[in-house]
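Next comes input30.pdb, with PDB, C-alpha atoms.
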ATOM      1  CA  MET A   1       0.000   0.000   0.000
ATOM      2  CA  THR A   2       1.273   3.423  -0.877
ATOM      3  CA  VAL A   3       0.531   6.401   1.369
ATOM      4  CA  GLU A   4       0.657   9.802  -0.298
ATOM      5  CA  THR A   5       2.403  12.531   1.662
ATOM      6  CA  THR A   6       2.968  16.223   1.114
ATOM      7  CA  ALA A   7       6.595  17.166   0.953
ATOM      8  CA  GLN A   8       7.833  19.839   3.374
ATOM      9  CA  THR A   9      10.882  22.001   3.169
ATOM     10  CA  PRO A  10      13.266  21.832   6.124
ATOM     11  CA  ALA A  11      12.276  25.371   7.076
ATOM     12  CA  GLN A  12       8.587  24.536   7.377
ATOM     13  CA  THR A  13       8.829  21.665   9.825
ATOM     14  CA  PRO A  14      10.361  23.449  12.841
ATOM     15  CA  VAL A  15       7.915  26.329  12.438
ATOM     16  CA  ARG A  16       5.011  23.898  12.698
ATOM     17  CA  ARG A  17       6.543  22.243  15.757
ATOM     18  CA  THR A  18       7.130  25.611  17.427
ATOM     19  CA  LEU A  19       3.521  26.724  16.980
ATOM     20  CA  GLY A  20       2.222  23.396  18.226
ATOM     21  CA  ALA A  21       4.430  23.531  21.302
ATOM     22  CA  SER A  22       3.369  27.093  22.069
ATOM     23  CA  ALA A  23      -0.301  26.199  21.864
ATOM     24  CA  ALA A  24       0.274  23.203  24.119
ATOM     25  CA  LEU A  25       2.070  25.324  26.702
ATOM     26  CA  LEU A  26      -0.784  27.844  26.702
ATOM     27  CA  ALA A  27      -3.320  25.079  27.188
ATOM     28  CA  VAL A  28      -1.352  23.511  30.045
ATOM     29  CA  ALA A  29      -1.020  26.898  31.715
ATOM     30  CA  GLY A  30      -4.782  27.350  31.501
ATOM     31  CA  LEU A  31      -4.391  30.531  29.488
ATOM     32  CA  GLY A  32      -5.887  29.434  26.185
ATOM     33  CA  LEU A  33      -5.611  31.486  23.041
ATOM     34  CA  ALA A  34      -6.556  35.139  23.462
ATOM     35  CA  ALA A  35     -10.083  35.953  22.301
ATOM     36  CA  ALA A  36     -10.916  39.127  20.445
ATOM     37  CA  PRO A  37     -12.161  41.887  22.760
ATOM     38  CA  ALA A  38     -15.900  42.480  22.943
ATOM     39  CA  ALA A  39     -17.139  44.910  20.335
ATOM     40  CA  SER A  40     -18.097  48.369  21.541
ATOM     41  CA  ALA A  41     -21.616  49.514  20.659
ATOM     42  CA  ALA A  42     -21.072  53.065  21.935
ATOM     43  CA  GLU A  43     -18.315  55.227  23.341
ATOM     44  CA  GLY A  44     -18.838  57.325  26.448
ATOM     45  CA  THR A  45     -17.010  59.425  29.022
ATOM     46  CA  ALA A  46     -17.179  58.942  32.788
ATOM     47  CA  THR A  47     -18.425  62.105  34.525
ATOM     48  CA  ALA A  48     -17.179  60.854  37.931
ATOM     49  CA  ASP A  49     -15.162  57.947  39.321
ATOM     50  CA  LEU A  50     -17.284  55.064  38.086
ATOM     51  CA  SER A  51     -17.644  51.710  39.864
ATOM     52  CA  VAL A  52     -17.845  48.643  37.639
ATOM     53  CA  ARG A  53     -20.259  46.349  39.473
ATOM     54  CA  ALA A  54     -21.114  42.692  39.122
ATOM     55  CA  GLU A  55     -24.808  43.478  38.631
ATOM     56  CA  THR A  56     -26.990  46.483  37.786
ATOM     57  CA  ASN A  57     -27.294  47.743  41.369
ATOM     58  CA  THR A  58     -25.159  49.396  44.043
ATOM     59  CA  GLY A  59     -25.499  46.402  46.342
ATOM     60  CA  SER A  60     -23.406  44.177  44.091
ATOM     61  CA  ALA A  61     -19.638  43.740  44.258
ATOM     62  CA  VAL A  62     -17.302  46.403  42.850
ATOM     63  CA  LEU A  63     -15.050  44.753  40.267
ATOM     64  CA  ALA A  64     -13.056  47.790  39.128
ATOM     65  CA  THR A  65     -13.109  51.595  39.115
ATOM     66  CA  ILE A  66     -13.036  53.803  36.018
ATOM     67  CA  PRO A  67     -11.565  57.254  36.740
ATOM     68  CA  SER A  68     -13.516  60.416  36.017
ATOM     69  CA  GLY A  69     -12.944  61.687  32.487
ATOM     70  CA  ALA A  70     -11.873  58.304  31.132
ATOM     71  CA  ALA A  71     -13.220  56.991  27.844
ATOM     72  CA  VAL A  72     -15.593  54.056  28.267
ATOM     73  CA  ASP A  73     -16.545  51.463  25.639
ATOM     74  CA  VAL A  74     -20.112  50.318  26.310
ATOM     75  CA  GLN A  75     -21.129  46.938  24.874
ATOM     76  CA  CYS A  76     -24.871  47.022  25.658
ATOM     77  CA  GLN A  77     -27.251  48.360  28.317
ATOM     78  CA  ALA A  78     -29.717  46.923  30.827
ATOM     79  CA  ALA A  79     -32.261  48.295  33.284
ATOM     80  CA  GLY A  80     -31.400  48.189  36.973
ATOM     81  CA  GLU A  81     -31.335  50.328  40.097
ATOM     82  CA  HIS A  82     -32.352  53.942  39.481
ATOM     83  CA  ILE A  83     -29.483  56.355  40.118
ATOM     84  CA  ASP A  84     -29.531  60.160  40.351
ATOM     85  CA  GLY A  85     -26.168  61.558  39.289
ATOM     86  CA  THR A  86     -25.085  63.711  36.370
ATOM     87  CA  TYR A  87     -28.200  62.192  34.796
ATOM     88  CA  SER A  88     -31.229  60.481  36.305
ATOM     89  CA  THR A  89     -31.688  56.976  34.908
ATOM     90  CA  ASP A  90     -32.169  53.271  35.606
ATOM     91  CA  GLN A  91     -29.974  52.232  32.671
ATOM     92  CA  TRP A  92     -26.623  50.497  33.215
ATOM     93  CA  GLY A  93     -23.971  49.914  30.563
ATOM     94  CA  LYS A  94     -22.007  46.683  30.268
ATOM     95  CA  VAL A  95     -18.263  47.395  30.092
ATOM     96  CA  THR A  96     -14.895  45.690  30.427
ATOM     97  CA  HIS A  97     -12.189  47.503  32.416
ATOM     98  CA  ASP A  98      -8.880  46.183  33.771
ATOM     99  CA  GLY A  99      -9.909  42.709  32.653
ATOM    100  CA  GLN A 100     -13.184  42.841  34.602
ATOM    101  CA  THR A 101     -16.570  42.805  32.870
ATOM    102  CA  GLY A 102     -19.508  44.302  34.714
ATOM    103  CA  TYR A 103     -21.980  47.184  34.738
ATOM    104  CA  VAL A 104     -21.715  50.943  35.262
ATOM    105  CA  SER A 105     -24.600  53.322  35.869
ATOM    106  CA  ARG A 106     -25.349  55.607  32.933
ATOM    107  CA  ALA A 107     -26.144  58.292  35.517
ATOM    108  CA  TYR A 108     -22.412  59.070  35.416
ATOM    109  CA  LEU A 109     -21.744  58.294  31.768
ATOM    110  CA  THR A 110     -22.068  60.712  28.857
ATOM    111  CA  ILE A 111     -22.792  58.989  25.530
ATOM    112  CA  LEU A 112     -23.315  61.365  22.622
ATOM    113  CA  ASP A 113     -24.215  58.733  20.036
ATOM    114  CA  ALA A 114     -25.943  55.609  21.354
ATOM    115  CA  ASN A 115     -27.613  54.524  18.111
ATOM    116  CA  GLY A 116     -25.824  51.168  18.175
ATOM    117  CA  LEU A 117     -26.444  50.508  21.870
ATOM    118  CA  VAL A 118     -28.794  47.555  22.333
ATOM    119  CA  ALA A 119     -30.270  45.774  25.331
ATOM    120  CA  CYS A 120     -28.021  43.172  26.953
ATOM    121  CA  GLY A 121     -29.026  39.539  26.623
ATOM    122  CA  GLU A 122     -32.246  38.277  25.167
ATOM    123  CA  GLY A 123     -34.806  40.183  27.190
ATOM    124  CA  GLU A 124     -38.344  40.909  26.123
ATOM    125  CA  ALA A 125     -38.698  42.935  22.963
ATOM    126  CA  PRO A 126     -39.737  46.558  23.528
ATOM    127  CA  ALA A 127     -43.366  47.461  23.039
ATOM    128  CA  PRO A 128     -44.088  48.188  19.383
ATOM    129  CA  THR A 129     -44.130  51.825  18.404
ATOM    130  CA  PRO A 130     -47.686  52.931  17.653
ATOM    131  CA  ALA A 131     -48.275  53.648  13.991
ATOM    132  CA  PRO A 132     -49.096  57.262  13.175
ATOM    133  CA  GLU A 133     -52.677  58.064  12.306
ATOM    134  CA  PRO A 134     -53.573  57.854   8.599
ATOM    135  CA  GLY A 135     -52.865  60.935   6.544
ATOM    136  CA  ILE A 136     -50.138  62.347   8.788
ATOM    137  CA  SER A 137     -48.121  65.059   7.055
ATOM    138  CA  ALA A 138     -44.398  64.847   6.362
ATOM    139  CA  ASP A 139     -43.751  67.698   8.830
ATOM    140  CA  ARG A 140     -45.563  65.867  11.624
ATOM    141  CA  GLN A 141     -43.832  62.589  10.824
ATOM    142  CA  GLN A 142     -40.493  64.377  11.016
ATOM    143  CA  VAL A 143     -41.314  65.629  14.526
ATOM    144  CA  LEU A 144     -42.097  62.068  15.642
ATOM    145  CA  ASP A 145     -38.960  60.673  14.019
ATOM    146  CA  ARG A 146     -36.730  63.333  15.558
ATOM    147  CA  GLY A 147     -38.227  62.732  18.998
ATOM    148  CA  ARG A 148     -37.557  59.011  18.658
ATOM    149  CA  HIS A 149     -33.906  59.773  17.926
ATOM    150  CA  TRP A 150     -33.320  60.310  21.649
ATOM    151  CA  VAL A 151     -35.597  57.411  22.613
ATOM    152  CA  GLN A 152     -33.532  55.044  20.480
ATOM    153  CA  GLN A 153     -30.400  56.270  22.254
ATOM    154  CA  GLY A 154     -31.914  55.720  25.708
ATOM    155  CA  LEU A 155     -30.836  59.273  26.519
ATOM    156  CA  PRO A 156     -30.996  60.056  30.265
ATOM    157  CA  TYR A 157     -32.982  63.064  31.520
ATOM    158  CA  SER A 158     -31.100  66.139  32.693
ATOM    159  CA  MET A 159     -31.898  69.839  33.047
ATOM    160  CA  GLU A 160     -28.199  70.700  32.680
ATOM    161  CA  ALA A 161     -26.828  68.334  30.025
ATOM    162  CA  TYR A 162     -27.014  68.802  26.257
ATOM    163  CA  ALA A 163     -27.042  66.281  23.412
ATOM    164  CA  PRO A 164     -27.263  66.494  19.619
ATOM    165  CA  GLY A 165     -30.299  65.724  17.539
ATOM    166  CA  PRO A 166     -30.054  63.754  14.286
ATOM    167  CA  ASP A 167     -28.658  66.712  12.333
ATOM    168  CA  ALA A 168     -25.299  66.431  10.601
ATOM    169  CA  ASP A 169     -24.001  69.638  12.218
ATOM    170  CA  GLY A 170     -24.274  68.124  15.722
ATOM    171  CA  TYR A 171     -26.276  71.045  17.149
ATOM    172  CA  GLN A 172     -27.110  70.258  20.782
ATOM    173  CA  PHE A 173     -30.315  70.673  22.779
ATOM    174  CA  ARG A 174     -30.919  70.482  26.537
ATOM    175  CA  THR A 175     -31.915  66.951  27.521
ATOM    176  CA  ASP A 176     -35.079  67.732  29.496
ATOM    177  CA  CYS A 177     -38.729  67.686  28.392
ATOM    178  CA  SER A 178     -38.779  71.095  26.700
ATOM    179  CA  GLY A 179     -35.349  70.405  25.203
ATOM    180  CA  MET A 180     -36.814  67.368  23.461
ATOM    181  CA  ILE A 181     -39.588  69.552  22.019
ATOM    182  CA  ALA A 182     -36.992  72.044  20.766
ATOM    183  CA  MET A 183     -34.967  69.187  19.259
ATOM    184  CA  ALA A 184     -37.992  67.503  17.658
ATOM    185  CA  TYR A 185     -39.107  70.784  16.049
ATOM    186  CA  ASN A 186     -35.486  71.896  15.451
ATOM    187  CA  LEU A 187     -36.038  75.217  17.251
ATOM    188  CA  ARG A 188     -32.703  77.037  17.405
ATOM    189  CA  ASP A 189     -33.458  80.747  17.711
ATOM    190  CA  GLN A 190     -33.246  80.640  21.526
ATOM    191  CA  SER A 191     -33.206  78.222  24.465
ATOM    192  CA  TYR A 192     -36.740  76.952  25.067
ATOM    193  CA  SER A 193     -38.435  75.891  28.284
ATOM    194  CA  THR A 194     -42.026  75.231  29.291
ATOM    195  CA  VAL A 195     -42.218  78.941  30.176
ATOM    196  CA  ASN A 196     -41.480  80.345  26.705
ATOM    197  CA  LEU A 197     -42.701  77.554  24.394
ATOM    198  CA  PRO A 198     -46.034  79.450  23.992
ATOM    199  CA  GLU A 199     -44.058  81.878  21.823
ATOM    200  CA  LYS A 200     -43.982  79.100  19.211
ATOM    201  CA  PHE A 201     -47.176  77.174  20.020
ATOM    202  CA  HIS A 202     -50.840  78.080  20.461
ATOM    203  CA  GLU A 203     -53.441  76.206  22.496
ATOM    204  CA  ILE A 204     -55.963  73.987  20.692
ATOM    205  CA  ASP A 205     -58.915  71.853  21.735
ATOM    206  CA  LYS A 206     -58.146  68.348  22.950
ATOM    207  CA  ASN A 207     -60.341  66.894  20.192
ATOM    208  CA  ASP A 208     -58.215  68.579  17.513
ATOM    209  CA  LEU A 209     -54.976  66.901  18.582
ATOM    210  CA  GLN A 210     -52.954  65.178  15.873
ATOM    211  CA  PRO A 211     -49.669  63.257  16.075
ATOM    212  CA  GLY A 212     -46.853  65.788  16.253
ATOM    213  CA  ASP A 213     -48.773  68.282  18.405
ATOM    214  CA  ILE A 214     -47.743  68.668  22.053
ATOM    215  CA  VAL A 215     -49.442  68.279  25.424
ATOM    216  CA  GLY A 216     -48.260  70.046  28.558
ATOM    217  CA  ASN A 217     -48.590  72.870  31.022
ATOM    218  CA  LEU A 218     -46.820  75.878  29.566
ATOM    219  CA  GLY A 219     -46.318  79.541  30.345
ATOM    220  CA  PRO A 220     -45.820  81.452  33.617
ATOM    221  CA  GLY A 221     -45.406  79.281  36.696
ATOM    222  CA  SER A 222     -44.271  76.208  34.759
ATOM    223  CA  ALA A 223     -40.521  76.530  35.305
ATOM    224  CA  GLY A 224     -38.481  73.573  36.532
ATOM    225  CA  ALA A 225     -40.407  70.737  38.146
ATOM    226  CA  ASN A 226     -43.647  72.751  37.881
ATOM    227  CA  GLY A 227     -43.880  72.076  34.157
ATOM    228  CA  HIS A 228     -43.833  69.161  31.762
ATOM    229  CA  VAL A 229     -44.458  68.776  28.033
ATOM    230  CA  VAL A 230     -44.608  65.788  25.665
ATOM    231  CA  ILE A 231     -45.066  65.035  21.980
ATOM    232  CA  PHE A 232     -48.548  63.688  21.288
ATOM    233  CA  ASN A 233     -48.590  60.572  19.083
ATOM    234  CA  GLY A 234     -52.240  59.609  18.825
ATOM    235  CA  TRP A 235     -55.046  58.289  21.018
ATOM    236  CA  THR A 236     -55.089  54.660  22.079
ATOM    237  CA  ASP A 237     -58.793  54.357  21.140
ATOM    238  CA  GLU A 238     -61.835  56.360  20.063
ATOM    239  CA  SER A 239     -62.711  57.402  23.620
ATOM    240  CA  LYS A 240     -59.791  59.872  23.524
ATOM    241  CA  THR A 241     -58.915  59.143  27.128
ATOM    242  CA  THR A 242     -55.417  57.671  26.873
ATOM    243  CA  PHE A 243     -52.760  58.795  24.431
ATOM    244  CA  HIS A 244     -49.288  57.830  23.218
ATOM    245  CA  THR A 245     -46.369  60.112  24.064
ATOM    246  CA  ILE A 246     -42.772  60.638  23.007
ATOM    247  CA  GLU A 247     -41.035  62.479  25.841
ATOM    248  CA  GLN A 248     -38.098  63.177  28.105
ATOM    249  CA  ALA A 249     -39.370  62.224  31.558
ATOM    250  CA  GLY A 250     -37.597  62.915  34.841
ATOM    251  CA  GLY A 251     -36.428  59.680  36.439
ATOM    252  CA  VAL A 252     -37.043  57.788  33.206
ATOM    253  CA  GLY A 253     -35.239  59.499  30.343
ATOM    254  CA  ALA A 254     -36.258  59.559  26.696
ATOM    255  CA  THR A 255     -39.188  57.203  26.281
ATOM    256  CA  GLU A 256     -42.437  56.341  24.526
ATOM    257  CA  ARG A 257     -45.358  55.513  26.791
ATOM    258  CA  THR A 258     -49.048  56.216  27.374
ATOM    259  CA  ALA A 259     -50.741  58.825  29.560
ATOM    260  CA  THR A 260     -54.322  59.466  30.634
ATOM    261  CA  TRP A 261     -55.759  62.840  29.695
ATOM    262  CA  GLY A 262     -56.370  65.034  32.749
ATOM    263  CA  ALA A 263     -54.847  62.549  35.205
ATOM    264  CA  ASP A 264     -51.898  64.793  36.061
ATOM    265  CA  PHE A 265     -51.094  68.487  36.287
ATOM    266  CA  TRP A 266     -49.349  68.569  32.900
ATOM    267  CA  ASN A 267     -51.744  66.679  30.619
ATOM    268  CA  GLN A 268     -54.771  68.955  30.515
ATOM    269  CA  HIS A 269     -53.787  71.322  27.685
ATOM    270  CA  ALA A 270     -53.011  70.733  24.002
ATOM    271  CA  TYR A 271     -50.852  72.918  21.747
ATOM    272  CA  ARG A 272     -49.943  73.206  18.076
ATOM    273  CA  LEU A 273     -46.993  74.841  16.331
ATOM    274  CA  ASN A 274     -47.859  78.299  15.028
ATOM    275  CA  GLY A 275     -48.525  78.134  11.296
ATOM    276  CA  TRP A 276     -49.765  74.530  11.305
TER
END
Could the structure of this file be written out as structure tokens, please?
Amino acid sequence: MTVETTAQTPAQTPVRRTLGASAALLAVAGLGLAAAPAASAAEGTATADLSVRAETNTGSAVLATIPSGAAVDVQCQAAGEHIDGTYSTDQWGKVTHDGQTGYVSRAYLTILDANGLVACGEGEAPAPTPAPEPGISADRQQVLDRGRHWVQQGLPYSMEAYAPGPDADGYQFRTDCSGMIAMAYNLRDQSYSTVNLPEKFHEIDKNDLQPGDIVGNLGPGSAGANGHVVIFNGWTDESKTTFHTIEQAGGVGATERTATWGADFWNQHAYRLNGW
């Protein structure tokens, strides 16, 4: 019987033996071959010394500490303990630092572009976004789409921080409720709050609301925590009792949810952009 073999040059054989021996030594030492580092979905900056914890809460073990001002590669995010810091949020980012993989609170993490940041693991899919009502105009659809830009980023709420909208020039808006309205409508002529938004919007009847209008308490006396405003995105049913919102909510961040008309101090008045 003849066995066919592939000829090797003298130089090839020792190279093959050397690689095999190296791999064997690594295996015996328990080191294994180095794996590629986890891909980063978003880049952020620590706004304070940041504890990397084993779980998404402050009661879990501290695995490492990221110094204030350091760049942070965030792999994904997950909900956990609510933290009030530079931002107010319950979102935690999964990171690897000094060889330790764990979670850091996004309350102390600035992420300017979180479009690629997804939920960690295989949790439940988010609630489907309600479809706009039939016949919605392009201008109104643009308001909804711009508002969702921050929702998709999971942007934390803050009355002091600023973040860009979807525009190529990177123009930044304050990341509170009225800042989201300014971003969604691309209002740049001044800084807007619930107090001065009536300069751009006029009150309408509740029954005239259309997706892209806003609901809130505006004008004198609505500064700070005394005011709130959201983007209206349609009624949940014909009774016109509960409606869909796109908003920046304190303690929650950028979100889409439902609200009941008249159930709170801020959801009893409807407004429309002047000229619409």
Nearby residues (all atoms listed in the file) at most 9 Å from region 181-189 of chain A, same-chain spacing under 2 positions excluded, as a PyMOL selection string: chain A and resi 142-149+164-166+171-174+176-179+191-193+197+214+229-231+247-248+273
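Going from CA of Ile83 (chain A) over to CA of Ser68 (chain A), you cover 17.0 Å.
Residue nearest Val195 (chain A), chosen from A:Pro211, A:Gly154, A:Gly262, A:Gly224 and counting all atoms listed in the file: A:Gly224.
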Atom-to-atom span, CA of Ala46 (chain A) and CA of Gly93 (chain A), Å: 11.5 Å
Exercise: residues within 12 Å of coordinate (-19.6, 54.0, 24.2), counting all atoms listed in the file, as an MDAnalysis selection string: chainID A and resid 39:46 70:77 92:96 104 106 109:118 153
